[in-house]
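Q: Provided herewith is a single structure, encoded as structure tokens, for subsequent inquiry.
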Number of protein chains: 2
Amino acid sequence: MNKVKIGIISLGNMGSSHAVNIIKGKVKNALLTAVCDLDQTRLDWAREELGNEVELFNNTDDFYRDADIEGVIIATPHYHHPALAIEGFGHGLHVMIEKPAGVYTKAVRKMNEVAAKADKVFSIMYNQRTRPIYRKLKDLLDAGELGEIKRTNWVIDWYRPQSYYDHGGWRATWKGEGGGVLLNQDPHQLDIWQWTCGMPVRVRAFSHFGKYHDIEVEDDVTAYVEYENGATGVFVTSTGISPETNRFEIAGNRGKIIVEGDRLTFRRLRTPERQFNKEYQGGFGQPECWECEIPIDGDNPEHIGILNNWVAAILNGSSLIAPGEEGINALMLSNAMLLSSWTDDWVDLPIDEDLFYEKLQERIDNSSFNKKASGNKVLNVEGTF
Amino acid sequence: MNKVKIGIISLGNMGSSHAVNIIKGKVKNALLTAVCDLDQTRLDWAREELGNEVELFNNTDDFYRDADIEGVIIATPHYHHPALAIEGFGHGLHVMIEKPAGVYTKAVRKMNEVAAKADKVFSIMYNQRTRPIYRKLKDLLDAGELGEIKRTNWVIDWYRPQSYYDHGGWRATWKGEGGGVLLNQDPHQLDIWQWTCGMPVRVRAFSHFGKYHDIEVEDDVTAYVEYENGATGVFVTSTGISPETNRFEIAGNRGKIIVEGDRLTFRRLRTPERQFNKEYQGGFGQPECWECEIPIDGDNPEHIGILNNWVAAILNGSSLIAPGEEGINALMLSNAMLLSSWTDDWVDLPIDEDLFYEKLQERIDNSSFNKKASGNKVLNVEGTF
């Protein structure tokens, strides 16, 4: 079988990790032929670590014009994902973008429109969709085991000390990164939340900016959402709270599912609650409940799994685990939470993309934040995403 | 030692239970001398179960004028607590009220003002304050073991099927009961929340009325709060969700405490987070965390404990576990959550009591709810409160 020739734009934390994985042969039928980075130190690293077969570029114009590639992995800072993906499609390439899909949905929607016309394979690095526990959760929900959803509740902390924010001048600024915990730490949870439970119809959120850190973006958020069927949801997240909680509880007509740590517990009602509510005459009482520990099977391929799936989709049309077009959903939630906090009001979904862009631009324009950055160090992120 | 002569107003679920406990000698130095109820069936029950020594009254005027009592337990529907307590103080009595303190804080504040001048022992039936797990929680927080609080999060379900609401014509109406899950099921949790973590300064809540039941009051609420120190909190409650969750998580500078079921877990940080945040230079990393199972010791006297404490306070000045004046706090939270939902806006604490009263009155006046009540049955509530 042919190998897919792949190029990577940006050799930061994730890009360099993908490069090494491909070079090591962990992505079946993938051949790394080119990489691109603005930073000479990183290109030197690439020559050293990736070998002489990989062509090096120090700007995307040359890369897109000259690189011998069929697919591109875009692992730049968030802002550049949509524009570089659009350029990639323009050059007839298959595209894989890192998460989040972008910083604001207006740009991501344009990317999706171009992708829809491109007839190329477009995926996003939602590696947590490959986790057995979330695959099983989605399986249960899609199969109707929980019945109609009534309430979702996710508390997810991603602790970061100040030194995390001090690495890299672009980090945690409106201009450089475009957001905080919602954009950088939560994309996977926001995606898994909507992937399993669907998108809400409106959001009321409360974000705190630089609450626990010397940064200008949000590091603590509580959001309340409502779904079309009347179900409610809460999403609570912080980079200032340790130890971390990661507890996802979903209540439905058939009971409750709790995902916490590596356990998936299904508290299953023998009689659906809506039926019991109507039929039971005893005043106090509730349906018989079975505490079920659900087996979590299968491997956990994460980033390598998403890369393999993308290449397989390119070569033989396998269905994508994480279609690139779906990246807009988690970003929509993230944008809606910020917009609700900024306007101190409800935000209906889909959001007013122009209003979000305008409010974001105000923050970029009015930023007086001086980063005490200690340089563009590449942090070791092994095991953190 | 003298015995305190006690009368009870209303022999519903709780009043009859208190009466039996006193008659059985479970409340030290307490003598039940009189009971009062409008309903002849209940008075017949009292004559049968409580014996001939207990004087029976079928109206509070006669009761307050003629009963040979030193203390009164008020176990009527919520609306009557403040007025009857004020009357009790007026007759020179010690007063114990059932929870909630009332339906709206305006009346409860008046009760507290009268109580403050009365020099009598005033308590409220916050029996959950006697639970060893909550006493231990308060002990840890008051002693500073968790450090400054950053976030509180309580999910508490009280499942009730429709038949619960169909018992008793006054239940779950604005006129009869004045509220739903917040007023009837949650007073203990709202009290424990503020007793351990303090009162917030503002509330934004989302209440759903008759969402899971054929009732006009709220049966599903999500509330977001902010505290004076910037901490945030979430309170989620429903009578429409089974199985029930009861999980209270408090994050602080020294880690996290989780109260769930009969377990109190303290995830204790060896280095306080605020200190670690400043000092740690590694980018990724967090303080060393110790998973501590906290021992829960002591008996769990509940209602009998609160009654014994009240009588002991009357006789020898013991300090109260649940001073009556503190009843306003949980009610303030409950009122604030409804008011925020009704106005679809923030509510600052203390709330605008007149506005709440006005909005409640509107709902009473505009109620077109016809109860399909199956009579004023006294449900067996053993083990439910």
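Scheme for the structure tokens: letters A, B, ... for chains in order shown; per-chain residue numbers from 1; ligand numbers from 1 in order shown.
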Report the closest atom pair, with its distance in Å rounded to one decimal, for each residue of chain A that has an atom no farther than 9 Å from chain B; count only C-alpha atoms, sort by chain and then rising residue number, and write it as a tab-separated table.
A:
residue	atom	partner	partner_atom	distance
A:Lys150	CA	B:Ile241	CA	7.9
A:Arg151	CA	B:Ile241	CA	8.6
A:Tyr159	CA	B:Gln286	CA	6.9
A:Arg160	CA	B:Phe284	CA	6.4
A:Pro161	CA	B:Asn277	CA	4.4
A:Gln162	CA	B:Asn277	CA	5.5
A:Ser163	CA	B:Gly283	CA	4.7
A:Tyr164	CA	B:Gly283	CA	3.7
A:Tyr165	CA	B:Gly283	CA	7.4
A:Asp166	CA	B:Gly283	CA	8.0
A:His167	CA	B:Gly283	CA	7.2
A:Phe206	CA	B:Tyr224	CA	8.6
A:Lys211	CA	B:Gly230	CA	8.5
A:Tyr212	CA	B:Arg274	CA	8.2
A:His213	CA	B:Asn277	CA	8.1
A:Thr222	CA	B:Tyr224	CA	7.9
A:Ala223	CA	B:Tyr224	CA	8.8
A:Tyr224	CA	B:Thr222	CA	7.9
A:Gly230	CA	B:Lys211	CA	8.5
A:Thr232	CA	B:Thr222	CA	8.3
A:Gly233	CA	B:Thr222	CA	8.7
A:Val234	CA	B:Thr222	CA	8.3
A:Val236	CA	B:Val234	CA	8.9
A:Gly240	CA	B:Glu273	CA	8.1
A:Ile241	CA	B:Ala251	CA	7.0
A:Ser242	CA	B:Gly255	CA	6.0
A:Pro243	CA	B:Gly255	CA	6.0
A:Glu244	CA	B:Lys256	CA	8.7
A:Ala251	CA	B:Ile241	CA	7.0
A:Gly252	CA	B:Ile241	CA	7.8
A:Asn253	CA	B:Ile241	CA	8.0
A:Arg254	CA	B:Ser242	CA	8.4
A:Gly255	CA	B:Ser242	CA	6.0
A:Lys256	CA	B:Pro243	CA	6.8
A:Arg267	CA	B:Pro243	CA	7.0
A:Arg268	CA	B:Pro243	CA	8.2
A:Leu269	CA	B:Pro243	CA	7.5
A:Glu273	CA	B:Ser242	CA	6.7
A:Arg274	CA	B:Tyr212	CA	8.2
A:Phe276	CA	B:Pro161	CA	7.2
A:Asn277	CA	B:Pro161	CA	4.5
A:Lys278	CA	B:Gln162	CA	6.3
A:Glu279	CA	B:Ser163	CA	8.4
A:Tyr280	CA	B:Ser163	CA	6.7
A:Gln281	CA	B:Ser163	CA	5.2
A:Gly282	CA	B:Ser163	CA	6.4
A:Gly283	CA	B:Tyr164	CA	3.7
A:Phe284	CA	B:Tyr164	CA	6.1
A:Gly285	CA	B:Arg160	CA	7.1
A:Gln286	CA	B:Tyr159	CA	6.9
A:Pro287	CA	B:Ser242	CA	7.4
A:Glu288	CA	B:Pro243	CA	8.7
A:Cys289	CA	B:Pro243	CA	6.8
A:Asp345	CA	B:Asp345	CA	8.5
A:Leu379	CA	B:Gly283	CA	7.1
A:Asn380	CA	B:Phe284	CA	8.1
A:Val381	CA	B:Phe284	CA	7.7
A:Thr384	CA	B:Phe284	CA	8.2
Q: As a list in words, please: every residue in segment 156-287 of chain B that a backbone DSSP assignment puts in helix (DSSP H, G or I).
A: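 Of segment 156-287 of chain B, the ones in helix (DSSP H, G or I) are Gln162, Ser163, Tyr164, Tyr165, Asp166, Val181, Leu182, Leu183, Asn184, Pro187, His188, Gln189, Leu190, Asp191, Ile192, Trp193, Gln194, Trp195, Thr196, Cys197, Glu273, Arg274, Gln275, Phe276, Asn277, Lys278 and Glu279 of chain B.
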Q: Keeping only C-alpha atoms, write the selected residues as a PDB file, in the first residue's frame.
A:
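Saved result, result-v1.pdb, follows:
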ATOM      1  CA  GLN B 162     -45.976  12.295  41.911  1.00  0.00           C
ATOM      2  CA  SER B 163     -47.857  10.458  44.669  1.00  0.00           C
ATOM      3  CA  TYR B 164     -45.797  12.322  47.280  1.00  0.00           C
ATOM      4  CA  TYR B 165     -47.178  15.605  45.984  1.00  0.00           C
ATOM      5  CA  ASP B 166     -50.687  14.234  45.724  1.00  0.00           C
ATOM      6  CA  VAL B 181     -37.559  21.395  46.715  1.00  0.00           C
ATOM      7  CA  LEU B 182     -35.652  24.379  48.119  1.00  0.00           C
ATOM      8  CA  LEU B 183     -38.120  24.935  50.952  1.00  0.00           C
ATOM      9  CA  ASN B 184     -39.087  21.362  51.745  1.00  0.00           C
ATOM     10  CA  PRO B 187     -33.306  23.305  54.178  1.00  0.00           C
ATOM     11  CA  HIS B 188     -30.773  21.038  55.877  1.00  0.00           C
ATOM     12  CA  GLN B 189     -28.295  21.121  53.008  1.00  0.00           C
ATOM     13  CA  LEU B 190     -28.685  24.862  52.553  1.00  0.00           C
ATOM     14  CA  ASP B 191     -28.048  25.238  56.270  1.00  0.00           C
ATOM     15  CA  ILE B 192     -25.066  22.893  56.398  1.00  0.00           C
ATOM     16  CA  TRP B 193     -23.637  24.622  53.331  1.00  0.00           C
ATOM     17  CA  GLN B 194     -23.728  28.056  54.986  1.00  0.00           C
ATOM     18  CA  TRP B 195     -22.918  26.675  58.459  1.00  0.00           C
ATOM     19  CA  THR B 196     -19.662  25.185  57.183  1.00  0.00           C
ATOM     20  CA  CYS B 197     -18.690  27.491  54.292  1.00  0.00           C
ATOM     21  CA  GLU B 273      -1.602  25.632  46.708  1.00  0.00           C
ATOM     22  CA  ARG B 274      -1.108  29.412  46.832  1.00  0.00           C
ATOM     23  CA  GLN B 275       2.432  28.891  48.071  1.00  0.00           C
ATOM     24  CA  PHE B 276       3.161  26.153  45.517  1.00  0.00           C
ATOM     25  CA  ASN B 277       1.777  28.349  42.744  1.00  0.00           C
ATOM     26  CA  LYS B 278       4.341  31.025  43.525  1.00  0.00           C
ATOM     27  CA  GLU B 279       7.337  28.853  44.243  1.00  0.00           C
TER      28      GLU B 279
END
Q: What residues in segment 39-169 of chain B get the DSSP label strand (DSSP E or B)? Please answer as a VMD selection string.
A: chain B and resid 55 to 57 71 to 74 94 to 97 122 to 124 149 to 157
Q: Write out as a VMD selection string which residues come within 9 Å of segment 134-145 of chain B when counting only C-alpha atoms, dropping same-chain ones fewer than 2 positions away.
A: chain B and resid 128 to 132 147 to 149 192 195 to 197 254 257 259 264 268 294 to 297
Q: Skip Thr173 of chain B itself and residues of its chain fewer than 3 positions away, then list as a PDB file with all heavy atoms, in the first residue's frame all residues within 8 Å of it, counting only C-alpha atoms.
A:
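To be explicit, this is the file written out as selection_23.pdb:
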ATOM      1  N   TRP B 170     -52.100  20.984  50.718  1.00  0.00           N
ATOM      2  CA  TRP B 170     -51.263  22.188  50.814  1.00  0.00           C
ATOM      3  C   TRP B 170     -49.906  22.007  50.146  1.00  0.00           C
ATOM      4  O   TRP B 170     -49.202  22.956  49.848  1.00  0.00           O
ATOM      5  CB  TRP B 170     -51.078  22.558  52.298  1.00  0.00           C
ATOM      6  CG  TRP B 170     -50.515  21.438  53.139  1.00  0.00           C
ATOM      7  CD1 TRP B 170     -51.165  20.304  53.544  1.00  0.00           C
ATOM      8  CD2 TRP B 170     -49.177  21.329  53.654  1.00  0.00           C
ATOM      9  NE1 TRP B 170     -50.327  19.492  54.271  1.00  0.00           N
ATOM     10  CE2 TRP B 170     -49.098  20.096  54.372  1.00  0.00           C
ATOM     11  CE3 TRP B 170     -48.045  22.147  53.599  1.00  0.00           C
ATOM     12  CZ2 TRP B 170     -47.943  19.674  55.012  1.00  0.00           C
ATOM     13  CZ3 TRP B 170     -46.889  21.715  54.239  1.00  0.00           C
ATOM     14  CH2 TRP B 170     -46.835  20.484  54.935  1.00  0.00           C
ATOM     15  N   GLY B 176     -50.064  27.139  49.781  1.00  0.00           N
ATOM     16  CA  GLY B 176     -50.046  26.198  50.897  1.00  0.00           C
ATOM     17  C   GLY B 176     -48.682  26.010  51.506  1.00  0.00           C
ATOM     18  O   GLY B 176     -48.527  25.939  52.732  1.00  0.00           O
ATOM     19  N   GLU B 177     -47.686  25.910  50.639  1.00  0.00           N
ATOM     20  CA  GLU B 177     -46.368  25.553  51.144  1.00  0.00           C
ATOM     21  C   GLU B 177     -45.332  26.641  50.864  1.00  0.00           C
ATOM     22  O   GLU B 177     -44.327  26.737  51.556  1.00  0.00           O
ATOM     23  CB  GLU B 177     -45.921  24.224  50.518  1.00  0.00           C
ATOM     24  CG  GLU B 177     -45.083  23.395  51.449  1.00  0.00           C
ATOM     25  CD  GLU B 177     -44.966  21.954  50.964  1.00  0.00           C
ATOM     26  OE1 GLU B 177     -45.082  21.684  49.751  1.00  0.00           O
ATOM     27  OE2 GLU B 177     -44.756  21.080  51.801  1.00  0.00           O
ATOM     28  N   GLY B 178     -45.589  27.416  49.817  1.00  0.00           N
ATOM     29  CA  GLY B 178     -44.726  28.562  49.541  1.00  0.00           C
ATOM     30  C   GLY B 178     -43.468  28.235  48.770  1.00  0.00           C
ATOM     31  O   GLY B 178     -42.631  29.109  48.539  1.00  0.00           O
ATOM     32  N   GLY B 179     -43.290  26.981  48.370  1.00  0.00           N
ATOM     33  CA  GLY B 179     -42.089  26.623  47.633  1.00  0.00           C
ATOM     34  C   GLY B 179     -42.026  25.124  47.428  1.00  0.00           C
ATOM     35  O   GLY B 179     -42.924  24.389  47.870  1.00  0.00           O
ATOM     36  N   GLY B 180     -40.966  24.688  46.760  1.00  0.00           N
ATOM     37  CA  GLY B 180     -40.820  23.271  46.440  1.00  0.00           C
ATOM     38  C   GLY B 180     -39.576  22.681  47.063  1.00  0.00           C
ATOM     39  O   GLY B 180     -39.383  22.747  48.277  1.00  0.00           O
ATOM     40  N   ILE B 215     -46.990  19.947  39.562  1.00  0.00           N
ATOM     41  CA  ILE B 215     -47.001  20.899  40.690  1.00  0.00           C
ATOM     42  C   ILE B 215     -46.663  22.277  40.136  1.00  0.00           C
ATOM     43  O   ILE B 215     -46.179  22.396  39.006  1.00  0.00           O
ATOM     44  CB  ILE B 215     -45.967  20.531  41.786  1.00  0.00           C
ATOM     45  CG1 ILE B 215     -44.550  20.422  41.195  1.00  0.00           C
ATOM     46  CG2 ILE B 215     -46.370  19.253  42.500  1.00  0.00           C
ATOM     47  CD1 ILE B 215     -43.457  20.201  42.237  1.00  0.00           C
ATOM     48  N   GLU B 216     -46.894  23.320  40.934  1.00  0.00           N
ATOM     49  CA  GLU B 216     -46.604  24.669  40.441  1.00  0.00           C
ATOM     50  C   GLU B 216     -45.294  25.240  40.976  1.00  0.00           C
ATOM     51  O   GLU B 216     -44.805  26.231  40.487  1.00  0.00           O
ATOM     52  CB  GLU B 216     -47.764  25.619  40.759  1.00  0.00           C
ATOM     53  CG  GLU B 216     -48.011  25.861  42.239  1.00  0.00           C
ATOM     54  CD  GLU B 216     -49.212  26.793  42.485  1.00  0.00           C
ATOM     55  OE1 GLU B 216     -49.915  27.160  41.534  1.00  0.00           O
ATOM     56  OE2 GLU B 216     -49.425  27.145  43.665  1.00  0.00           O
ATOM     57  N   VAL B 217     -44.723  24.605  41.983  1.00  0.00           N
ATOM     58  CA  VAL B 217     -43.496  25.123  42.590  1.00  0.00           C
ATOM     59  C   VAL B 217     -42.260  24.465  41.955  1.00  0.00           C
ATOM     60  O   VAL B 217     -42.386  23.593  41.097  1.00  0.00           O
ATOM     61  CB  VAL B 217     -43.512  24.911  44.125  1.00  0.00           C
ATOM     62  CG1 VAL B 217     -44.645  25.706  44.754  1.00  0.00           C
ATOM     63  CG2 VAL B 217     -43.628  23.425  44.446  1.00  0.00           C
ATOM     64  N   PHE B 369     -53.713  26.513  40.211  1.00  0.00           N
ATOM     65  CA  PHE B 369     -53.389  25.109  40.352  1.00  0.00           C
ATOM     66  C   PHE B 369     -54.426  24.383  41.183  1.00  0.00           C
ATOM     67  O   PHE B 369     -54.723  24.749  42.315  1.00  0.00           O
ATOM     68  CB  PHE B 369     -52.020  24.952  41.013  1.00  0.00           C
ATOM     69  CG  PHE B 369     -51.445  23.602  40.794  1.00  0.00           C
ATOM     70  CD1 PHE B 369     -50.906  23.270  39.552  1.00  0.00           C
ATOM     71  CD2 PHE B 369     -51.466  22.646  41.786  1.00  0.00           C
ATOM     72  CE1 PHE B 369     -50.375  22.007  39.329  1.00  0.00           C
ATOM     73  CE2 PHE B 369     -50.945  21.385  41.557  1.00  0.00           C
ATOM     74  CZ  PHE B 369     -50.400  21.070  40.327  1.00  0.00           C
TER      75      PHE B 369
END
Q: Contacts of Ile9 of chain A at 6 Å or less, counting only C-alpha atoms, minus same-chain residues fewer than 5 places along, as a ChimeraX atom specification?
A: /A:35-36,74-75
Q: Can I get the selected residues back with N, CA, C and O atoms, as a PDB file, in the first residue's frame?
A:
ATOM      1  N   VAL A  35       8.780  19.343   7.554  1.00  0.00           N
ATOM      2  CA  VAL A  35       8.311  20.067   8.735  1.00  0.00           C
ATOM      3  C   VAL A  35       8.595  21.550   8.532  1.00  0.00           C
ATOM      4  O   VAL A  35       9.484  21.934   7.765  1.00  0.00           O
ATOM      5  N   CYS A  36       7.841  22.372   9.247  1.00  0.00           N
ATOM      6  CA  CYS A  36       7.958  23.814   9.087  1.00  0.00           C
ATOM      7  C   CYS A  36       7.901  24.475  10.449  1.00  0.00           C
ATOM      8  O   CYS A  36       7.009  24.170  11.261  1.00  0.00           O
ATOM      9  N   ILE A  74      -1.411  20.506  11.371  1.00  0.00           N
ATOM     10  CA  ILE A  74      -1.238  21.898  11.790  1.00  0.00           C
ATOM     11  C   ILE A  74      -1.227  21.961  13.305  1.00  0.00           C
ATOM     12  O   ILE A  74      -2.247  21.733  13.955  1.00  0.00           O
ATOM     13  N   ALA A  75      -0.048  22.262  13.846  1.00  0.00           N
ATOM     14  CA  ALA A  75       0.127  22.215  15.302  1.00  0.00           C
ATOM     15  C   ALA A  75       0.643  23.550  15.828  1.00  0.00           C
ATOM     16  O   ALA A  75       1.369  23.619  16.810  1.00  0.00           O
TER      17      ALA A  75
END
Q: Out of A:Lys28, A:Arg202, A:Lys175, A:Lys99, which residue has the shortest atom-to-atom distance to Gly324 of chain A when counting only C-alpha atoms?
A: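 Of all the options, A:Lys99 lies closest to Gly324 of chain A.
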Q: Hey, what's within 10 Å of Leu43 of chain A if we count only C-alpha atoms and toss same-chain stuff fewer than 3 positions away? As a ChimeraX atom specification, please?
A: /A:10-11,35-40,46-50,55-58
Q: Between atom CA of Thr41 of chain B and atom CA of Trp174 of chain B, what distance in Å does the model show, to one decimal?
A: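 Those two atoms sit 26.1 Å apart.
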Q: Mind pulling up the distance from atom CA of His94 of chain A to atom CA of Ala115 of chain A?
A: 9.4 Å
Q: So what do you get for atom CA of Leu32 of chain B versus atom CA of Ile6 of chain B, distance-wise?
A: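 Taking atom CA of Leu32 of chain B and atom CA of Ile6 of chain B, their separation equals 4.9 Å.
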Q: Could you tell me which of B:Trp45, B:Cys292, B:Arg247, B:Ile22 comes closest to Phe266 of chain B if we count only C-alpha atoms?
A: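 Looking only at the distances to Phe266 of chain B, the closest residue turns out to be B:Cys292.
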